[in-house]
$ cat start.cif   # mmCIF, C-alpha atoms
data_query
#
loop_
_atom_site.label_atom_id
_atom_site.label_comp_id
_atom_site.auth_asym_id
_atom_site.auth_seq_id
_atom_site.Cartn_x
_atom_site.Cartn_y
_atom_site.Cartn_z
CA MET R 1 0.00 0.00 0.00
CA GLY R 2 3.04 2.24 -0.25
CA SER R 3 5.26 3.72 2.44
CA ARG R 4 6.28 7.22 3.41
CA ASN R 5 9.19 8.95 5.15
CA PHE R 6 7.60 10.39 8.27
CA LYS R 7 10.94 11.58 9.64
CA LYS R 8 10.89 14.18 6.90
CA LEU R 9 7.17 14.89 7.09
CA SER R 10 7.15 15.32 10.88
CA LYS R 11 9.73 18.10 10.56
CA ARG R 12 7.18 20.08 8.55
CA TRP R 13 4.47 19.45 11.13
CA ALA R 14 6.66 20.75 13.97
CA SER R 15 6.13 24.35 12.83
CA GLN R 16 2.39 23.98 12.24
CA THR R 17 -0.37 23.95 14.87
CA TYR R 18 -3.34 21.60 14.84
CA GLY R 19 -5.56 24.62 14.27
CA GLN R 20 -3.57 25.66 11.20
CA ALA R 21 -3.71 22.13 9.83
CA PHE R 22 -7.47 22.05 10.42
CA LYS R 23 -7.88 25.08 8.12
CA LEU R 24 -6.38 23.02 5.29
CA LEU R 25 -9.15 20.42 5.52
CA SER R 26 -11.86 20.37 2.88
CA LYS R 27 -15.55 20.20 3.90
CA LYS R 28 -14.94 22.15 7.11
CA ARG R 29 -18.70 22.50 7.61
CA SER R 30 -19.29 18.76 7.60
CA ARG R 31 -20.38 16.99 10.80
CA PRO R 32 -16.97 15.25 11.33
CA SER R 33 -15.14 18.56 10.85
CA GLN R 34 -17.33 20.38 13.35
CA ILE R 35 -16.81 17.63 15.93
CA LEU R 36 -13.04 17.75 15.42
CA LYS R 37 -12.96 21.55 15.66
CA ARG R 38 -14.75 21.45 19.00
CA LEU R 39 -12.60 18.64 20.40
CA LEU R 40 -9.33 20.38 19.49
CA VAL R 41 -10.18 23.30 21.79
CA THR R 42 -11.86 21.32 24.58
CA HIS R 43 -11.50 17.62 25.35
CA LEU R 44 -8.14 17.11 23.60
CA LYS R 45 -6.13 19.31 25.98
CA ASN R 46 -6.36 22.36 23.73
CA LEU R 47 -4.36 20.81 20.90
CA ASN R 48 -5.66 23.56 18.65
CA ASP R 49 -2.81 25.91 19.63
CA LYS R 50 -0.09 23.28 19.91
CA CYS R 51 2.37 22.30 17.22
CA MET R 52 1.94 18.84 15.70
CA ASP R 53 4.98 17.18 17.22
CA GLY R 54 5.38 14.04 19.31
CA PHE R 55 5.41 16.07 22.53
CA SER R 56 1.82 17.15 21.90
CA PHE R 57 0.73 13.53 22.43
CA GLU R 58 2.16 13.37 25.96
CA GLN R 59 -0.65 15.19 27.80
CA LEU R 60 -3.53 13.48 26.03
CA PRO R 61 -6.19 11.74 28.15
CA ARG R 62 -5.30 8.14 29.01
CA ASN R 63 -8.79 6.97 29.90
CA GLN R 64 -10.44 4.02 28.19
CA GLU R 65 -13.41 6.04 26.94
CA GLY R 66 -14.72 4.83 23.58
CA ARG R 67 -12.68 1.64 23.62
CA ASP R 68 -15.69 -0.66 23.64
CA THR R 69 -18.07 1.74 21.88
CA TYR R 70 -16.27 2.29 18.58
CA LYS R 71 -15.05 -0.85 16.80
CA ILE R 72 -12.81 0.93 14.32
CA ARG R 73 -9.22 -0.01 13.48
CA PHE R 74 -6.72 2.83 13.79
CA THR R 75 -4.41 1.19 11.25
CA GLU R 76 -7.21 1.21 8.68
CA ALA R 77 -7.70 4.98 8.99
CA PHE R 78 -3.94 5.51 8.76
CA HIS R 79 -3.45 3.50 5.58
CA GLU R 80 -6.47 5.13 3.96
CA THR R 81 -5.04 8.63 4.43
CA LYS R 82 -1.23 8.42 4.81
CA ASN R 83 -0.45 9.08 1.14
CA GLN R 84 -2.55 12.23 0.90
CA LYS R 85 -0.44 15.24 -0.02
CA ASN R 86 -1.50 17.21 3.07
CA PHE R 87 -1.48 14.26 5.47
CA SER R 88 -1.06 15.22 9.13
CA PRO R 89 -2.34 14.07 12.53
CA VAL R 90 -5.39 16.27 11.87
CA VAL R 91 -6.23 14.44 8.62
CA TYR R 92 -5.89 11.13 10.47
CA LEU R 93 -8.16 12.32 13.33
CA HIS R 94 -10.71 13.58 10.84
CA GLN R 95 -10.78 10.18 9.14
CA LEU R 96 -11.42 8.44 12.47
CA ILE R 97 -14.28 10.81 13.32
CA GLU R 98 -15.75 10.34 9.85
CA LYS R 99 -15.84 6.58 10.45
CA ILE R 100 -17.50 7.11 13.86
CA VAL R 101 -20.18 9.37 12.35
CA GLN R 102 -20.85 6.84 9.57
CA ARG R 103 -20.98 3.72 11.74
CA TYR R 104 -22.21 5.06 15.07
CA PRO R 105 -24.43 8.11 14.38
CA GLU R 106 -26.38 7.49 17.61
CA LYS R 107 -23.28 7.31 19.80
CA LEU R 108 -21.59 10.67 19.28
CA ASP R 109 -20.43 11.19 22.86
CA PHE R 110 -17.62 13.78 23.06
CA HIS R 111 -15.94 12.19 26.08
CA LYS R 112 -15.88 8.79 24.42
CA ILE R 113 -14.72 10.21 21.09
CA SER R 114 -11.89 12.15 22.76
CA GLY R 115 -10.68 9.02 24.59
CA PHE R 116 -10.83 7.07 21.36
CA LEU R 117 -8.91 9.74 19.43
CA SER R 118 -6.26 10.01 22.15
CA ARG R 119 -5.52 6.29 21.81
CA GLY R 120 -5.56 6.76 18.04
CA LEU R 121 -2.89 9.46 18.18
CA ARG R 122 -0.64 7.32 20.37
CA SER R 123 -1.02 4.51 17.82
CA LEU R 124 -0.20 6.95 15.01
CA ALA R 125 3.39 7.24 16.25
CA SER R 126 3.95 3.49 15.76
CA PHE R 127 2.30 3.54 12.31
CA MET R 128 4.62 6.37 11.28
CA ARG R 129 7.64 4.44 12.54
CA GLU R 130 6.62 1.27 10.68
CA SER R 131 5.97 3.10 7.41
CA THR R 132 9.29 4.97 7.67
CA LEU R 133 11.17 1.71 8.28
CA GLU R 134 9.58 0.22 5.17
CA HIS R 135 10.42 3.36 3.19
CA GLN R 136 14.09 3.25 4.27
CA ILE R 137 14.76 -0.45 3.80
CA ARG R 138 13.12 -0.78 0.39
CA PRO R 139 15.88 0.90 -1.73
CA ILE R 140 18.63 -0.99 0.14
CA LEU R 141 17.11 -4.38 -0.67
CA LYS R 142 15.92 -3.36 -4.13
CA LYS R 143 19.54 -2.92 -5.23
CA ARG R 144 20.15 -6.62 -4.49
CA ASP R 145 16.86 -8.02 -5.79
CA LYS R 146 14.84 -6.32 -8.54
CA GLU R 147 11.97 -8.73 -7.84
CA LEU R 148 11.68 -7.51 -4.24
CA ILE R 149 8.13 -7.39 -2.85
CA ILE R 150 7.37 -5.51 0.37
CA SER R 151 3.87 -5.25 1.80
CA SER R 152 2.16 -3.96 4.93
CA GLY R 153 -1.27 -2.82 6.01
CA PRO R 154 -4.23 -3.55 8.30
CA ASP R 155 -5.20 -6.83 6.57
CA LEU R 156 -1.67 -8.20 6.77
CA ASP R 157 -1.46 -7.24 10.43
CA ALA R 158 -4.82 -8.83 11.26
CA GLU R 159 -4.52 -12.01 9.18
CA GLU R 160 -0.81 -12.85 9.46
CA HIS R 161 0.30 -11.03 12.65
CA THR R 162 2.98 -9.36 10.50
CA ASP R 163 3.89 -5.66 10.43
CA ILE R 164 6.05 -5.73 7.28
CA ARG R 165 6.28 -8.73 4.92
CA ILE R 166 9.31 -8.94 2.63
CA ARG R 167 9.83 -11.35 -0.27
CA PHE R 168 13.56 -11.14 -0.96
CA ARG R 169 15.51 -13.57 -3.14
CA GLN R 170 12.64 -16.06 -2.97
CA ARG R 171 12.68 -16.03 0.84
CA LEU R 172 9.89 -14.73 3.02
CA PHE R 173 10.77 -12.40 5.91
CA ARG R 174 8.30 -11.12 8.50
CA ILE R 175 9.28 -7.96 10.41
CA TRP R 176 7.97 -7.34 13.93
CA THR R 177 8.07 -3.68 15.01
CA TYR R 178 7.23 -2.94 18.63
CA GLN R 179 8.20 -0.85 21.64
CA TYR R 180 10.38 -2.74 24.09
CA THR R 181 8.93 -1.71 27.46
CA MET R 182 8.59 -3.50 30.80
CA ASN R 183 4.79 -3.39 30.53
CA GLY R 184 4.82 -4.73 27.00
CA ILE R 185 7.23 -7.66 27.50
CA PRO R 186 4.60 -10.18 28.75
CA HIS R 187 2.42 -9.39 25.72
CA HIS R 188 5.32 -9.80 23.27
CA LEU R 189 6.42 -13.08 24.90
CA GLU R 190 2.95 -14.49 24.40
CA ARG R 191 2.86 -13.35 20.77
CA VAL R 192 6.27 -14.86 19.99
CA GLY R 193 5.31 -18.03 21.86
CA GLY R 194 2.22 -18.47 19.71
CA LEU R 195 -0.25 -17.97 22.57
CA ARG R 196 -1.99 -15.13 20.68
CA GLY R 197 -2.30 -17.16 17.48
CA LYS R 198 -0.15 -19.53 15.46
CA LEU R 199 2.75 -17.81 13.72
CA PRO R 200 2.77 -17.99 9.90
CA LYS R 201 5.63 -19.57 7.96
CA GLY R 202 8.67 -17.45 7.17
CA ILE R 203 11.77 -15.94 8.77
CA HIS R 204 10.62 -13.72 11.62
CA ILE R 205 12.77 -10.73 12.63
CA LEU R 206 12.18 -8.95 15.92
CA CYS R 207 12.80 -5.18 15.81
CA PRO R 208 12.38 -3.79 19.34
CA LEU R 209 12.36 -0.03 19.80
CA LYS R 210 13.91 0.94 23.15
CA SER R 211 11.52 3.75 23.95
CA GLU R 212 11.76 3.57 27.76
CA PRO R 213 15.50 4.41 27.85
CA ALA R 214 14.82 7.10 25.22
CA ILE R 215 12.22 8.71 27.47
CA LYS R 216 14.68 8.52 30.37
CA ARG R 217 17.37 10.16 28.21
CA GLN R 218 15.00 12.98 27.38
CA GLN R 219 14.25 13.52 31.08
CA LEU R 220 17.95 13.53 32.00
CA LYS R 221 18.78 16.01 29.24
CA ARG R 222 16.07 18.34 30.49
CA ALA R 223 17.33 17.99 34.07
CA ILE R 224 20.89 18.84 33.00
CA GLN R 225 19.67 21.87 31.05
CA ARG R 226 17.68 23.18 34.04
CA LYS R 227 20.63 22.73 36.42
CA GLN R 228 23.06 24.36 33.98
CA ASN R 229 20.73 27.36 33.69
CA THR R 230 20.66 27.62 37.48
CA LEU R 231 24.44 27.33 37.57
CA ARG R 232 24.83 30.21 35.10
CA ARG R 233 22.53 32.41 37.20
CA LEU R 234 24.56 31.65 40.35
CA LEU R 235 27.85 32.45 38.61
CA LEU R 236 26.44 35.78 37.42
CA SER R 237 25.13 36.56 40.89
CA MET R 238 28.67 36.20 42.31
CA GLN R 239 29.60 39.47 40.64
CA GLU R 240 27.02 41.37 42.69
CA ILE R 241 27.55 39.71 46.10
CA GLN R 242 29.01 42.13 48.64
CA THR R 243 29.40 40.03 51.79
CA SER R 244 31.90 37.22 52.25
CA ALA R 245 29.34 35.09 54.10
CA ARG R 246 26.90 35.24 51.21
CA ALA R 247 29.72 34.56 48.71
CA LYS R 248 30.77 31.49 50.69
CA ALA R 249 27.19 30.16 50.69
CA VAL R 250 26.79 30.68 46.94
CA LEU R 251 30.16 29.02 46.22
CA SER R 252 29.05 26.02 48.26
CA GLU R 253 25.81 25.90 46.24
CA ILE R 254 27.78 26.11 42.99
CA ARG R 255 30.08 23.24 43.99
CA LEU R 256 27.08 21.09 44.94
CA LEU R 257 25.30 21.91 41.69
CA ARG R 258 28.37 21.04 39.60
CA LEU R 259 28.65 17.73 41.42
CA THR R 260 24.98 17.01 40.77
CA ILE R 261 25.34 17.84 37.05
CA LYS R 262 28.33 15.48 36.86
CA LYS R 263 26.28 12.65 38.41
CA VAL R 264 23.33 13.22 36.08
CA LYS R 265 25.69 13.22 33.08
CA LYS R 266 27.04 9.83 34.20
CA ARG R 267 23.48 8.49 34.30
CA LEU R 268 22.89 9.92 30.84
CA TYR R 269 26.03 8.20 29.57
CA ARG R 270 24.79 4.83 30.88
CA VAL R 271 21.38 5.34 29.23
CA ASN R 272 23.08 6.20 25.93
CA GLU R 273 25.05 2.97 26.17
CA ILE R 274 21.81 1.01 26.58
CA LEU R 275 20.22 2.77 23.61
CA GLY R 276 23.21 2.37 21.34
CA ASP R 277 22.16 2.97 17.73
CA ASN R 278 18.61 1.70 18.21
CA LEU R 279 16.61 4.87 17.65
CA GLU R 280 16.61 8.58 16.97
CA GLU R 281 14.19 11.25 18.09
CA VAL R 282 12.67 13.61 15.53
CA ASN R 283 10.48 16.36 16.99
CA GLY R 284 9.27 14.15 19.81
CA PHE R 285 8.68 11.09 17.62
CA TYR R 286 10.85 7.97 17.94
CA PHE R 287 12.08 6.28 14.77
CA TYR R 288 14.53 3.46 14.15
CA SER R 289 17.93 5.01 13.50
CA ASN R 290 19.61 4.85 10.09
CA LYS R 291 22.25 2.55 11.58
CA PHE R 292 19.57 0.19 12.89
CA VAL R 293 17.88 0.08 9.47
CA ARG R 294 21.19 -0.78 7.79
CA LYS R 295 21.78 -3.46 10.42
CA LEU R 296 18.33 -4.92 9.74
CA ALA R 297 18.94 -4.87 5.98
CA ASN R 298 22.28 -6.61 6.47
CA SER R 299 20.56 -9.30 8.56
CA ILE R 300 18.25 -9.99 5.63
CA LEU R 301 21.07 -9.91 3.09
CA THR R 302 23.21 -12.38 5.03
CA ALA R 303 20.46 -14.54 6.57
CA ARG R 304 21.53 -18.17 6.43
CA ARG R 305 21.04 -19.90 9.73
CA CYS R 306 18.25 -18.91 12.11
CA ILE R 307 17.44 -19.92 15.65
CA SER R 308 14.91 -22.76 15.55
CA TYR R 309 11.40 -21.74 16.54
CA ARG R 310 11.25 -24.68 18.97
CA ARG R 311 14.20 -23.21 20.85
CA VAL R 312 12.65 -19.73 20.84
CA LYS R 313 9.38 -21.05 22.27
CA GLU R 314 11.21 -22.93 25.00
CA ARG R 315 12.93 -19.74 26.08
CA VAL R 316 10.04 -17.29 25.93
CA LEU R 317 7.55 -19.65 27.59
CA ALA R 318 9.96 -20.89 30.30
CA PRO R 319 8.70 -18.38 32.95
CA ARG R 320 5.12 -19.64 32.52
CA LEU R 321 6.22 -23.25 32.95
CA MET R 322 8.30 -22.37 36.00
CA LEU R 323 5.38 -20.65 37.74
CA GLY R 324 3.20 -23.68 37.10
CA ARG R 325 5.28 -25.96 39.30
CA LEU R 326 5.55 -26.56 43.01
CA MET R 327 8.83 -24.85 43.78
CA LEU R 328 10.91 -23.58 46.64
CA PHE R 329 13.50 -20.84 46.24
CA LYS R 330 15.42 -18.68 48.66
CA VAL R 331 16.11 -14.95 48.39
#

$ encode --input "start.cif" --output "structure tokens"
Amino acid sequence: MGSRNFKKLSKRWASQTYGQAFKLLSKKRSRPSQILKRLLVTHLKNLNDKCMDGFSFEQLPRNQEGRDTYKIRFTEAFHETKNQKNFSPVVYLHQLIEKIVQRYPEKLDFHKISGFLSRGLRSLASFMRESTLEHQIRPILKKRDKELIISSGPDLDAEEHTDIRIRFRQRLFRIWTYQYTMNGIPHHLERVGGLRGKLPKGIHILCPLKSEPAIKRQQLKRAIQRKQNTLRRLLLSMQEIQTSARAKAVLSEIRLLRLTIKKVKKRLYRVNEILGDNLEEVNGFYFYSNKFVRKLANSILTARRCISYRRVKERVLAPRLMLGRLMLFKV
């Protein structure tokens, strides 16, 4: 269904507000448009005046409103609109509301719609990442195999539990894209173990995105910036201090602050080591890094021997088997 480079597109969004993007929509007097216009200034944390970057998703409601009311697939709305020339989060939201109005005209509850759209925006980030990965890896593999076939989309995801399917040199590869988080690990173990449905034939490649360390890195960088700003203010204040007692107190504060900054930088260094070349942040959105994409492509190019699925299942399901036994252990 085609792919798109959302790293590039998201840079354009970063200087445009949701309200400005809304003005570019056609049929602004339609029922879906009017609902969206109202939600942008009310239930959706006043997104109307915020720029369309990944940070704007952070304060969205995390309730479960609308989850059971609207049986609409986010991935379907994304793939139906992603190749539009003026595609943006606003176009995607409008498509979701249009589907709600068409299928559930008697259930237009603003609280439920806002909860549904909030979950939809958080899913949008992963759809963008997946499409960008497909966009980046295609030309690399195409150079080695002119008959290359790459496919993705809601039907593939639903029917084959595959994010990106690649037919390369007569071999079938199935790419798994997912965020590697502590909360998500049990879910991913069950998927890999076949407990959420039998896995289809092919060479499966796991592509975890280390978003938790990335969030931690962002927090540490902000903390360092705040402390450095405070340090600069203290150093400037030293020029105006007239008493030795006050100067001594400020110098003590400066030494303590410098020590704290040094400690936070060490923590940042350790987080960067964990992240390695896994991802890069673009305007608040996390994408697989160029190095990671090349590493993935090289894995496909050189794939010869794979770990047997039997061995994989034994490993990922081992915790479940262990907890099912009578067992004594000492801490």

$ resolve_selection --input "start.cif" --expression "the PyMOL selection byres ((chain R and resi 162) around 10)" --output "PyMOL selection string"
chain R and resi 151-161+163-165+173-177+199-200+204

$ closest_residue --input "start.cif" --among "R:Lys248, R:His111, R:Arg217, R:Arg38" --to "Lys266 (chain R)" --atoms "all atoms listed in the file"
R:Arg217

$ resolve_selection --input "start.cif" --expression "the PyMOL selection byres ((chain R and resi 303-318) around 9)" --output "compact mmCIF listing (two decimals) with C-alpha atoms, keeping the file's coordinate frame"
# COMPACT_ATOMS: atom_id res chain seq x y z
CA LEU R 189 6.42 -13.08 24.90
CA GLU R 190 2.95 -14.49 24.40
CA VAL R 192 6.27 -14.86 19.99
CA GLY R 193 5.31 -18.03 21.86
CA GLY R 194 2.22 -18.47 19.71
CA ILE R 203 11.77 -15.94 8.77
CA ASN R 298 22.28 -6.61 6.47
CA SER R 299 20.56 -9.30 8.56
CA ILE R 300 18.25 -9.99 5.63
CA LEU R 301 21.07 -9.91 3.09
CA THR R 302 23.21 -12.38 5.03
CA PRO R 319 8.70 -18.38 32.95
CA ARG R 320 5.12 -19.64 32.52
CA LEU R 321 6.22 -23.25 32.95
CA MET R 322 8.30 -22.37 36.00
CA LEU R 323 5.38 -20.65 37.74

$ atom_distance --input "start.cif" --atom1 "CA of Asn5 (chain R)" --atom2 "CA of Phe287 (chain R)"
10.4 Å

$ atom_distance --input "start.cif" --atom1 "CA of Lys295 (chain R)" --atom2 "CA of Leu209 (chain R)"
13.7 Å

$ closest_atom_pairs --input "start.cif" --of "region 223-288 of chain R" --to "region 11-28 of chain R" --cutoff "12 Å" --atoms "all atoms listed in the file" --output "JSON lines"
{"residue": "R:Glu281", "atom": "CA", "partner": "R:Lys11", "partner_atom": "CA", "distance": 11.1}
{"residue": "R:Val282", "atom": "CA", "partner": "R:Lys11", "partner_atom": "CA", "distance": 7.3}
{"residue": "R:Asn283", "atom": "CA", "partner": "R:Ala14", "partner_atom": "CA", "distance": 6.6}
{"residue": "R:Gly284", "atom": "CA", "partner": "R:Ala14", "partner_atom": "CA", "distance": 9.2}
{"residue": "R:Phe285", "atom": "CA", "partner": "R:Lys11", "partner_atom": "CA", "distance": 10.0}

$ atom_distance --input "start.cif" --atom1 "CA of Ile150 (chain R)" --atom2 "CA of Val293 (chain R)"
15.0 Å

$ closest_residue --input "start.cif" --among "R:Arg246, R:Lys221, R:Arg233, R:Lys198" --to "Tyr269 (chain R)" --atoms "only C-alpha atoms"
R:Lys221

$ residues_around --input "start.cif" --residues "Arg171 (chain R)" --least-positions-apart "3" --cutoff "9 Å" --atoms "only C-alpha atoms" --output "list in words"
Ile166, Arg167, Phe168, Gly202 and Ile203 of chain R

$ closest_residue --input "start.cif" --among "R:Glu212, R:Pro89, R:Arg31, R:Tyr178" --to "Asn48 (chain R)" --atoms "all atoms listed in the file"
R:Pro89

$ resolve_selection --input "start.cif" --expression "the PyMOL selection byres ((chain R and resi 76) around 10)" --output "list in words"
Ile72, Arg73, Phe74, Thr75, Ala77, Phe78, His79, Glu80, Thr81, Gln95, Leu96, Gly153, Pro154 and Asp155 of chain R

$ closest_residue --input "start.cif" --among "R:Arg129, R:Lys50, R:His43, R:Arg226" --to "Tyr286 (chain R)" --atoms "only C-alpha atoms"
R:Arg129

$ axis_aligned_box --input "start.cif" --around "region 6-17 of chain R" --padding-each-side "4 Å" --output "lines of an AutoDock Vina configuration file"
center_x = 5.3
center_y = 17.4
center_z = 10.9
size_x = 19.3
size_y = 22.0
size_z = 16.0

$ closest_residue --input "start.cif" --among "R:Ser118, R:Thr132, R:Ser252, R:Gln34" --to "Lys7 (chain R)" --atoms "all atoms listed in the file"
R:Thr132

$ residues_near_point --input "start.cif" --point "(-13.1, 13.9, 10.8)" --cutoff "9 Å" --atoms "only C-alpha atoms" --output "ChimeraX atom specification"
/R:30-36,90-101

$ closest_residue --input "start.cif" --among "R:Arg270, R:Arg119, R:Arg258, R:Lys265" --to "Ala214 (chain R)" --atoms "only C-alpha atoms"
R:Arg270

$ decode --input "start.cif" --residues "region 51-136 of chain R" --atoms "C-alpha atoms" --output "PDB file, in the first residue's frame"
ATOM      1  CA  CYS R  51       2.369  22.296  17.217  1.00  0.00           C
ATOM      2  CA  MET R  52       1.944  18.844  15.702  1.00  0.00           C
ATOM      3  CA  ASP R  53       4.983  17.177  17.217  1.00  0.00           C
ATOM      4  CA  GLY R  54       5.376  14.040  19.310  1.00  0.00           C
ATOM      5  CA  PHE R  55       5.414  16.069  22.530  1.00  0.00           C
ATOM      6  CA  SER R  56       1.819  17.147  21.899  1.00  0.00           C
ATOM      7  CA  PHE R  57       0.732  13.527  22.431  1.00  0.00           C
ATOM      8  CA  GLU R  58       2.162  13.368  25.963  1.00  0.00           C
ATOM      9  CA  GLN R  59      -0.646  15.194  27.805  1.00  0.00           C
ATOM     10  CA  LEU R  60      -3.532  13.483  26.028  1.00  0.00           C
ATOM     11  CA  PRO R  61      -6.193  11.735  28.154  1.00  0.00           C
ATOM     12  CA  ARG R  62      -5.305   8.135  29.007  1.00  0.00           C
ATOM     13  CA  ASN R  63      -8.790   6.969  29.905  1.00  0.00           C
ATOM     14  CA  GLN R  64     -10.435   4.023  28.187  1.00  0.00           C
ATOM     15  CA  GLU R  65     -13.414   6.035  26.937  1.00  0.00           C
ATOM     16  CA  GLY R  66     -14.718   4.825  23.583  1.00  0.00           C
ATOM     17  CA  ARG R  67     -12.677   1.639  23.616  1.00  0.00           C
ATOM     18  CA  ASP R  68     -15.694  -0.660  23.636  1.00  0.00           C
ATOM     19  CA  THR R  69     -18.065   1.745  21.882  1.00  0.00           C
ATOM     20  CA  TYR R  70     -16.266   2.287  18.579  1.00  0.00           C
ATOM     21  CA  LYS R  71     -15.050  -0.854  16.803  1.00  0.00           C
ATOM     22  CA  ILE R  72     -12.808   0.932  14.324  1.00  0.00           C
ATOM     23  CA  ARG R  73      -9.216  -0.012  13.477  1.00  0.00           C
ATOM     24  CA  PHE R  74      -6.718   2.826  13.788  1.00  0.00           C
ATOM     25  CA  THR R  75      -4.409   1.193  11.252  1.00  0.00           C
ATOM     26  CA  GLU R  76      -7.215   1.209   8.685  1.00  0.00           C
ATOM     27  CA  ALA R  77      -7.700   4.980   8.995  1.00  0.00           C
ATOM     28  CA  PHE R  78      -3.942   5.512   8.761  1.00  0.00           C
ATOM     29  CA  HIS R  79      -3.446   3.495   5.584  1.00  0.00           C
ATOM     30  CA  GLU R  80      -6.473   5.135   3.959  1.00  0.00           C
ATOM     31  CA  THR R  81      -5.038   8.629   4.431  1.00  0.00           C
ATOM     32  CA  LYS R  82      -1.233   8.419   4.809  1.00  0.00           C
ATOM     33  CA  ASN R  83      -0.453   9.078   1.141  1.00  0.00           C
ATOM     34  CA  GLN R  84      -2.546  12.227   0.901  1.00  0.00           C
ATOM     35  CA  LYS R  85      -0.438  15.237  -0.021  1.00  0.00           C
ATOM     36  CA  ASN R  86      -1.496  17.214   3.065  1.00  0.00           C
ATOM     37  CA  PHE R  87      -1.482  14.256   5.474  1.00  0.00           C
ATOM     38  CA  SER R  88      -1.065  15.219   9.130  1.00  0.00           C
ATOM     39  CA  PRO R  89      -2.335  14.075  12.529  1.00  0.00           C
ATOM     40  CA  VAL R  90      -5.388  16.267  11.871  1.00  0.00           C
ATOM     41  CA  VAL R  91      -6.226  14.440   8.624  1.00  0.00           C
ATOM     42  CA  TYR R  92      -5.889  11.131  10.475  1.00  0.00           C
ATOM     43  CA  LEU R  93      -8.157  12.318  13.329  1.00  0.00           C
ATOM     44  CA  HIS R  94     -10.713  13.580  10.843  1.00  0.00           C
ATOM     45  CA  GLN R  95     -10.782  10.178   9.143  1.00  0.00           C
ATOM     46  CA  LEU R  96     -11.417   8.441  12.468  1.00  0.00           C
ATOM     47  CA  ILE R  97     -14.279  10.806  13.316  1.00  0.00           C
ATOM     48  CA  GLU R  98     -15.749  10.337   9.846  1.00  0.00           C
ATOM     49  CA  LYS R  99     -15.845   6.584  10.454  1.00  0.00           C
ATOM     50  CA  ILE R 100     -17.495   7.106  13.856  1.00  0.00           C
ATOM     51  CA  VAL R 101     -20.178   9.367  12.351  1.00  0.00           C
ATOM     52  CA  GLN R 102     -20.854   6.841   9.567  1.00  0.00           C
ATOM     53  CA  ARG R 103     -20.985   3.721  11.745  1.00  0.00           C
ATOM     54  CA  TYR R 104     -22.213   5.060  15.071  1.00  0.00           C
ATOM     55  CA  PRO R 105     -24.425   8.112  14.378  1.00  0.00           C
ATOM     56  CA  GLU R 106     -26.383   7.491  17.611  1.00  0.00           C
ATOM     57  CA  LYS R 107     -23.279   7.307  19.804  1.00  0.00           C
ATOM     58  CA  LEU R 108     -21.591  10.670  19.278  1.00  0.00           C
ATOM     59  CA  ASP R 109     -20.428  11.185  22.856  1.00  0.00           C
ATOM     60  CA  PHE R 110     -17.624  13.784  23.061  1.00  0.00           C
ATOM     61  CA  HIS R 111     -15.943  12.192  26.081  1.00  0.00           C
ATOM     62  CA  LYS R 112     -15.876   8.790  24.417  1.00  0.00           C
ATOM     63  CA  ILE R 113     -14.717  10.206  21.091  1.00  0.00           C
ATOM     64  CA  SER R 114     -11.887  12.155  22.755  1.00  0.00           C
ATOM     65  CA  GLY R 115     -10.676   9.025  24.592  1.00  0.00           C
ATOM     66  CA  PHE R 116     -10.829   7.066  21.361  1.00  0.00           C
ATOM     67  CA  LEU R 117      -8.915   9.741  19.428  1.00  0.00           C
ATOM     68  CA  SER R 118      -6.261  10.006  22.147  1.00  0.00           C
ATOM     69  CA  ARG R 119      -5.523   6.294  21.815  1.00  0.00           C
ATOM     70  CA  GLY R 120      -5.563   6.761  18.044  1.00  0.00           C
ATOM     71  CA  LEU R 121      -2.888   9.463  18.180  1.00  0.00           C
ATOM     72  CA  ARG R 122      -0.636   7.321  20.373  1.00  0.00           C
ATOM     73  CA  SER R 123      -1.018   4.512  17.816  1.00  0.00           C
ATOM     74  CA  LEU R 124      -0.201   6.953  15.013  1.00  0.00           C
ATOM     75  CA  ALA R 125       3.385   7.238  16.245  1.00  0.00           C
ATOM     76  CA  SER R 126       3.953   3.487  15.761  1.00  0.00           C
ATOM     77  CA  PHE R 127       2.299   3.538  12.308  1.00  0.00           C
ATOM     78  CA  MET R 128       4.622   6.367  11.276  1.00  0.00           C
ATOM     79  CA  ARG R 129       7.636   4.438  12.544  1.00  0.00           C
ATOM     80  CA  GLU R 130       6.623   1.273  10.683  1.00  0.00           C
ATOM     81  CA  SER R 131       5.969   3.103   7.407  1.00  0.00           C
ATOM     82  CA  THR R 132       9.291   4.974   7.666  1.00  0.00           C
ATOM     83  CA  LEU R 133      11.171   1.712   8.276  1.00  0.00           C
ATOM     84  CA  GLU R 134       9.578   0.218   5.173  1.00  0.00           C
ATOM     85  CA  HIS R 135      10.422   3.358   3.190  1.00  0.00           C
ATOM     86  CA  GLN R 136      14.088   3.250   4.273  1.00  0.00           C
TER      87      GLN R 136
END
